[in-house]
Each structure stands twice: as structure tokens, then as C-alpha cells.
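Undergrad: Input: one structure, supplied below.
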Amino acid sequence: MRTIWRAVVALLLLALVADAANSGLVNTNVIRTVDLKTLPSVKEQIGVVVQNDHHSKVFKTYTVQIAQNKAPYLADVSVRERKSGVELVVTKLNGTDNDGLLSYRATLARPLQPGEKISLNVDCVFLAMVEPRPRAVVPTDDQTWLWTDSALVPSAYPTRKQKTVVRTSGDIRAHAPTGDSTRDNAKSVTFGPFTADAPSEPLEVRFRDNSEQLEALVHRREYFVSHWANDLNVQEYYELRNRAPAIAGGFDKVKQTMAKFTRARDNYVKTLLVKVPADARQLYVVDEIGNVSTSAVTRRQRVDNEVFRVMQLRPRFPLAGQWNYTWWHGYSVPLTGYLRATKGRYALRVPFIGALVGSASQNDEIPLSALATPNTAVRAYQLRVTLPEGATNVHAHVPVAVDDVSQHHTAYYFDSRGRTVVVIEQANVAPSTINAQLLVTYDYSALALWQKPLVVALALFAVFALASAVGRMQLGLAAAPKPRRSQGRSKESSS
């Protein structure tokens with residue numbers, strides 16, 4: 001009797017498993033490729049073959065899940081069809097599921113019919129995800145970094161087979177686990193394949209990478225628009241940290257100076273490069289102490305039909321591993337190059353974010369090729385656009401998905417009503433947004449243009465009128481009248 005019941009239960013379980021397998025989408029094969037060649041950005045591409053195993057249901061969306069421990073480093077998520085290259089619309093779902101996973105929903109270009117398959121590429125960018133190991137080294141030693149992640153890619157659907165490929169720019173020193181991995185070469189390792197019943201275990205890769213890695217803990221860019229002066233003022237604020245390993249034994253100025261003559265580079269960041277427009281004027285660099293006079297700006301450069309100049313910022317001290325540096329820099333450019341007007345409606349188009357490149361080279365001149373690979377991870381970014389007083393009907397067209405877009409009012413010198421400030425905030429800015437353009441449209445009448453001069457003129461007239469009125473007023477006590485001499489006394493005196 002027990003044998004019969006066991007057989008019945010086994011058949012029911014098999015039916016449930018078969019029904020679950022035919023209930024929806026299934027990942028038949030997943031290949032995750034982790035690119036560690038462009039640190040501090042970690043690029044992760046997940047190639048997945050999705051099959052509709054349901055007997056009648058049609059699916060129009062695909063859900064992508066991100067582990068919660070990787071969410072603080074996530075900068076961008078995109079999904080596209082592998083065959084056609086069409087990029088799908090991705091929407092972030094609010095909250096997390098029961099396993100603490102973040103979910104993003106991608107809308108398929110064509111509904112997936114029962115029995116059909118589709119190949120998708122899920123591209124993710126993470127910032128400052130690897131950590132130095134060891135945490136402290138001699139500045140002239142190699143930098144070794146540690147990458148960790150789970151062996152199984154989280155997914156909302158069953159996955160039948162998957163593997164992970166990790167590629168680095170430097171030699172791989174160690175990796176774990178070694179049982180389910182294959183060393184393709186000195187700079188690549190493959191973990192898996194793993195089946196559906198494989199346990200999830202952590203993966204580790206230790207590799208050498210001596211490239212500079214900077215982290216902008218706070219980056220704020222501000223635009224000040226002035227129609228009256230035809231001026232666009234740009235100011236940038238940085239709280240920067242060198243992500244290299246800390247100095248073992250403390251900072252030694254003698255050793256740091258001697259390294260200039262013995263090595264082409266060390267772990268100290270000595271120069272910061274910032275690209276500015278060719279017509280930029282009134283450039284300045286200021287830190288918490290004062291003007292940074294060791295900075296310089298190059299002549300006009302032309303690269304790929306782009307004309308620009310480069311600010312070479314030299315901090316007051318070499319930026320060692322885990323050291324911070326804070327400064328402001330700014331410049332002004334003619335407003336006509338960024339503003340267009342049509343019947344009182346203005347369109348301001350400005351760069352969304354600027355690139356910052358740090359160099360540890362001992363040379364005084366840094367080649368322009370270094371600008372092609374920005375090595376600064378922006379963890380907290382704020383963009384502020386201050387419009388002239390009187391601007392109304394303001395709209396901001398942001399080129400990328402951001403955390404928050406808001407409008408505030410502030411008052412500057414001689415403002416009567418205040419002016420509108422567009423504030424955009426974003427955590428973990430992806431490097432691909434460097435060339436993006438922000439568009440701000442607003443209405444600005446001729447009366448608003450003359451509002452401030454009229455207000456100033458009326459204020460001055462009121463001050464002079466008040467001063468004139470006060471000058472004509474008698475505020476003290478009236479003087480006593482002089483006594484008159486009597487006529488009798490004057491006659492007697494005359495006689």
C-alpha cells in the first residue's frame with residue numbers, strides 16, 4: 001500500500017514539475033561576460049536565450065533582476081535583441097521582491113508566441129565594484145584588485161544552463177573556486193557551465209591592474225545663464241578620492257620624489273585633466289585654501305573635428321591611495337553658442353556631465369589620448385541650471401534616466417522675484433552619458449529682459465528721491481526768534 005502511495009505522490013510531483021516547466025518563460029542558456037578592462041567601470045553583459053514554454057500564453061515583456069548587494073554600484077541597465085540589435089524599452093519596477101532583488105521590465109519588440117525563442121543581451125554597468133587587495137601597498141608596487149559575485153545569475157525564470165566569463169586587462173593572480181573553472185589565458189577565466197540544480201556559491205578573481213582609478217564622491221555642475229551679458233558661466237565642484245591601495249607605512253616625501261627618477265609612474269595621482277570649450281575664458285581653479293596657481297590650460301586642440309582646450313589641474317599634493325581632494329573650477333563661454341530662440345521661446349542645450357581624467361605619470365605633459373578613457377566613477381551627481389529672472393514655463397528634457405528632476409527658486413543680487421533653478425540628481429552616473437546633451441526650454445519676454453535694469457533704476461531713483469526729501473525736511477528743533485529793540489529806547493538814545 002505504501003508503495004502505491006509513493007508512486008502516486010511521485011507522479012503528482014512530476015506533473016507539477018512538468019506544469020511548472022510549461023508555465024511560462026525559460027532561460028535555456030545564459031552566458032555572463034564580465035569586463036574588468038575599463039576600471040573603475042565594470043561592464044557586465046548577460047546573453048540569454050529565452051523560450052516560451054507555455055502552451056497558449058503570449059509574453060510581451062521580460063524581467064531582468066539585479067542582486068541587492070550590487071544595487072549600490074549599478075549605473076545603467078539596457079536590453080537589446082541580439083539578432084536585430086533593437087534596443088528595448090526598460091522600466092524600473094518599484095521596490096524589491098521577497099529575495100531582495102531589483103527588477104527591471106523590458107518590453108519586447110514583438111510578442112513571444114508559444115514555442116518561440118528569442119536571444120537577448122542584457123548590458124549592466126557597475127561603478128567602483130572591485131576592491132584593492134591588499135588594502136595597503138608600497139606606492140611603487142603593483143595594484144591587485146578583487147572581484148566577487150555569485151556563480152548563478154539571478155533571474156525571475158528557470159535557468160537550465162549558464163556560465164560566467166571574466167576578462168581583465170592585467171594578469172589574473174588567483175581565482176576561486178578552481179573546480180568548476182577553466183583558465184582560458186592569463187587574462188581570462190571561465191566558471192561553469194552550471195545546471196539548474198547547481199548550488200549558488202561566490203566567485204572570486206584577483207588580478208593586477210595598475211591603471212588610475214578615481215571616485216568622485218560628490219560632483220556638482222552649475223550653469224548660470226545671463227541674457228543681458230550674453231554669458232554662460234560654468235562651475236564644477238569635486239570631492240575626489242583615489243581608489244588605489246593605501247600607503248603601507250605612511251607617506252614618505254623623499255621616496256615619492258626619488259620615484260620620479262626611477263619609475264615612469266607610481267600610485268600617486270598628480271595631474272587631473274578636464275576638457276573645456278575652445279572659447280572658454282576667465283578660467284580659475286580654487287580649493288579650500290585658495291587659488292591653485294600650479295594649474296595650466298593648453299592651446300586649442302582639434303581631435304575628430306572637435307575643437308577644445310584642456311585644463312591641467314595639479315593638486316597641492318600628490319593624491320595617494322585612499323586620499324581625498326576637494327576643489328572648484330569654472331569658466332565662462334558666450335551664450336549664443338548654446339542658446340536658440342524662436343518667438344520668445346528659448347532652448348538651452350548644454351553638456352549633461354563633463355569627464356575627468358586622472359594621471360599618475362611623472363611627465364609634465366600628458367598626451368591627449370588619455371582623455372579618451374575617463375577613469376573617474378561619479379557616485380553622486382547634481383546638475384543645476386540657473387535661468388535668468390523672469391523665465392517661465394520651464395521644461396527640462398533629460399537625455400538619460402535620472403533619480404530626480406525638480407525646480408526651485410532662488411534670489412541673486414538685485415533680483416525682485418527670484419529666478420528658476422532646474423536641479424537634476426543622479427547616483428552612479430554611467431560613462432556613456434558623458435556625450436549626452438541636456439535641453440532646457442523656457443519662455444522669456446522682452447519685458448523680463450529689461451526687468452532688472454528698470455528695477456535698479458527705480459530703486460536708485462527712489463533712493464535719491466528719499467535722500468532729497470530727507471534733506472529738505474527740518475528734523476531738529478526750530479531756532480528761537482531774535483528779540484526786537486523798542487522804538488522808545490532808540491529815540492532816547494538818539495537825543
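Quick note on naming: the chains in the C-alpha cells go A, B, ... in the order shown, residues restart at 1 in each chain, and ligands are numbered from 1 in order of appearance.
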As a count of residues only, please: the residues near A:Ile247 (cut-off 12 Å, only C-alpha atoms, same-chain neighbours under 5 positions excluded).

TA: 23

Undergrad: List the neighbours of A:Asp209 out to 10 Å using only C-alpha atoms; skip same-chain residues closer than 6 positions along the sequence, and give me the result as a count of residues only.

TA: 14

Undergrad: Per residue of stretch 215-314 of chain A within 12 Å of stretch 417-437 of chain A, note the shortest atom pair and the distance in Å to one decimal, counting only C-alpha atoms, and order the rows by chain and increasing residue number, as a Markdown table.

TA:
```
| residue | atom | partner | partner_atom | distance |
| --- | --- | --- | --- | --- |
| A:Glu215 | CA | A:Asn428 | CA | 10.3 |
| A:Ala216 | CA | A:Asn428 | CA | 9.7 |
| A:Leu217 | CA | A:Asn428 | CA | 9.7 |
| A:Val218 | CA | A:Ala427 | CA | 9.6 |
| A:His219 | CA | A:Gln426 | CA | 10.1 |
| A:Arg220 | CA | A:Glu425 | CA | 9.3 |
| A:Arg221 | CA | A:Ile424 | CA | 10.0 |
| A:Glu222 | CA | A:Val423 | CA | 9.3 |
| A:Tyr223 | CA | A:Val421 | CA | 9.5 |
| A:Phe224 | CA | A:Val421 | CA | 9.3 |
| A:Val225 | CA | A:Val421 | CA | 10.3 |
| A:Ser226 | CA | A:Arg419 | CA | 11.3 |
| A:Lys275 | CA | A:Ile434 | CA | 11.4 |
```

Undergrad: Take the selection from the previous step and output its residues with N, CA and C atoms, as an mmCIF file, in the first residue's frame.

TA:
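Generated file (out01.cif):
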```cif
data_model
loop_
_atom_site.group_PDB
_atom_site.id
_atom_site.type_symbol
_atom_site.label_atom_id
_atom_site.label_comp_id
_atom_site.auth_asym_id
_atom_site.auth_seq_id
_atom_site.Cartn_x
_atom_site.Cartn_y
_atom_site.Cartn_z
ATOM 1 N N GLU A 215 37.381 58.170 -7.822
ATOM 2 C CA GLU A 215 35.975 58.097 -7.425
ATOM 3 C C GLU A 215 35.524 59.477 -6.956
ATOM 4 N N ALA A 216 34.572 60.058 -7.679
ATOM 5 C CA ALA A 216 34.002 61.345 -7.296
ATOM 6 C C ALA A 216 32.864 61.088 -6.312
ATOM 7 N N LEU A 217 33.166 61.260 -5.032
ATOM 8 C CA LEU A 217 32.124 61.058 -4.028
ATOM 9 C C LEU A 217 30.984 62.034 -4.221
ATOM 10 N N VAL A 218 31.314 63.269 -4.599
ATOM 11 C CA VAL A 218 30.319 64.298 -4.917
ATOM 12 C C VAL A 218 30.824 65.069 -6.127
ATOM 13 N N HIS A 219 29.970 65.230 -7.115
ATOM 14 C CA HIS A 219 30.278 66.048 -8.291
ATOM 15 C C HIS A 219 29.060 66.927 -8.566
ATOM 16 N N ARG A 220 29.301 68.220 -8.574
ATOM 17 C CA ARG A 220 28.209 69.169 -8.830
ATOM 18 C C ARG A 220 28.612 70.108 -9.950
ATOM 19 N N ARG A 221 27.771 70.225 -10.961
ATOM 20 C CA ARG A 221 27.992 71.139 -12.093
ATOM 21 C C ARG A 221 26.849 72.150 -12.108
ATOM 22 N N GLU A 222 27.204 73.433 -12.272
ATOM 23 C CA GLU A 222 26.229 74.512 -12.249
ATOM 24 C C GLU A 222 26.386 75.378 -13.487
ATOM 25 N N TYR A 223 25.255 75.692 -14.102
ATOM 26 C CA TYR A 223 25.191 76.627 -15.225
ATOM 27 C C TYR A 223 24.428 77.871 -14.782
ATOM 28 N N PHE A 224 24.999 79.060 -15.061
ATOM 29 C CA PHE A 224 24.345 80.337 -14.775
ATOM 30 C C PHE A 224 24.125 81.053 -16.106
ATOM 31 N N VAL A 225 22.868 81.278 -16.450
ATOM 32 C CA VAL A 225 22.500 81.869 -17.737
ATOM 33 C C VAL A 225 22.237 83.359 -17.539
ATOM 34 N N SER A 226 22.896 84.182 -18.372
ATOM 35 C CA SER A 226 22.712 85.632 -18.335
ATOM 36 C C SER A 226 22.461 86.122 -19.749
ATOM 37 N N LYS A 275 38.391 68.655 -19.966
ATOM 38 C CA LYS A 275 38.187 69.244 -21.284
ATOM 39 C C LYS A 275 37.203 70.420 -21.163
#
```

Undergrad: Write out as a list of chain:residue names each polymer residue whose atoms come within 6 Å of stretch 84-97 of chain A, counting only C-alpha atoms; drop sequence neighbours fewer than 6 positions from it.

TA: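 The filter keeps A:Ser103, A:Tyr104, A:Arg105, A:Ala106, A:Thr107.
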
Undergrad: Restricting the calculation to only C-alpha atoms, which member of A:Ser56, A:Thr164, A:Ser445, A:Gln45 is positioned closest to A:Thr148?

TA: A:Thr164
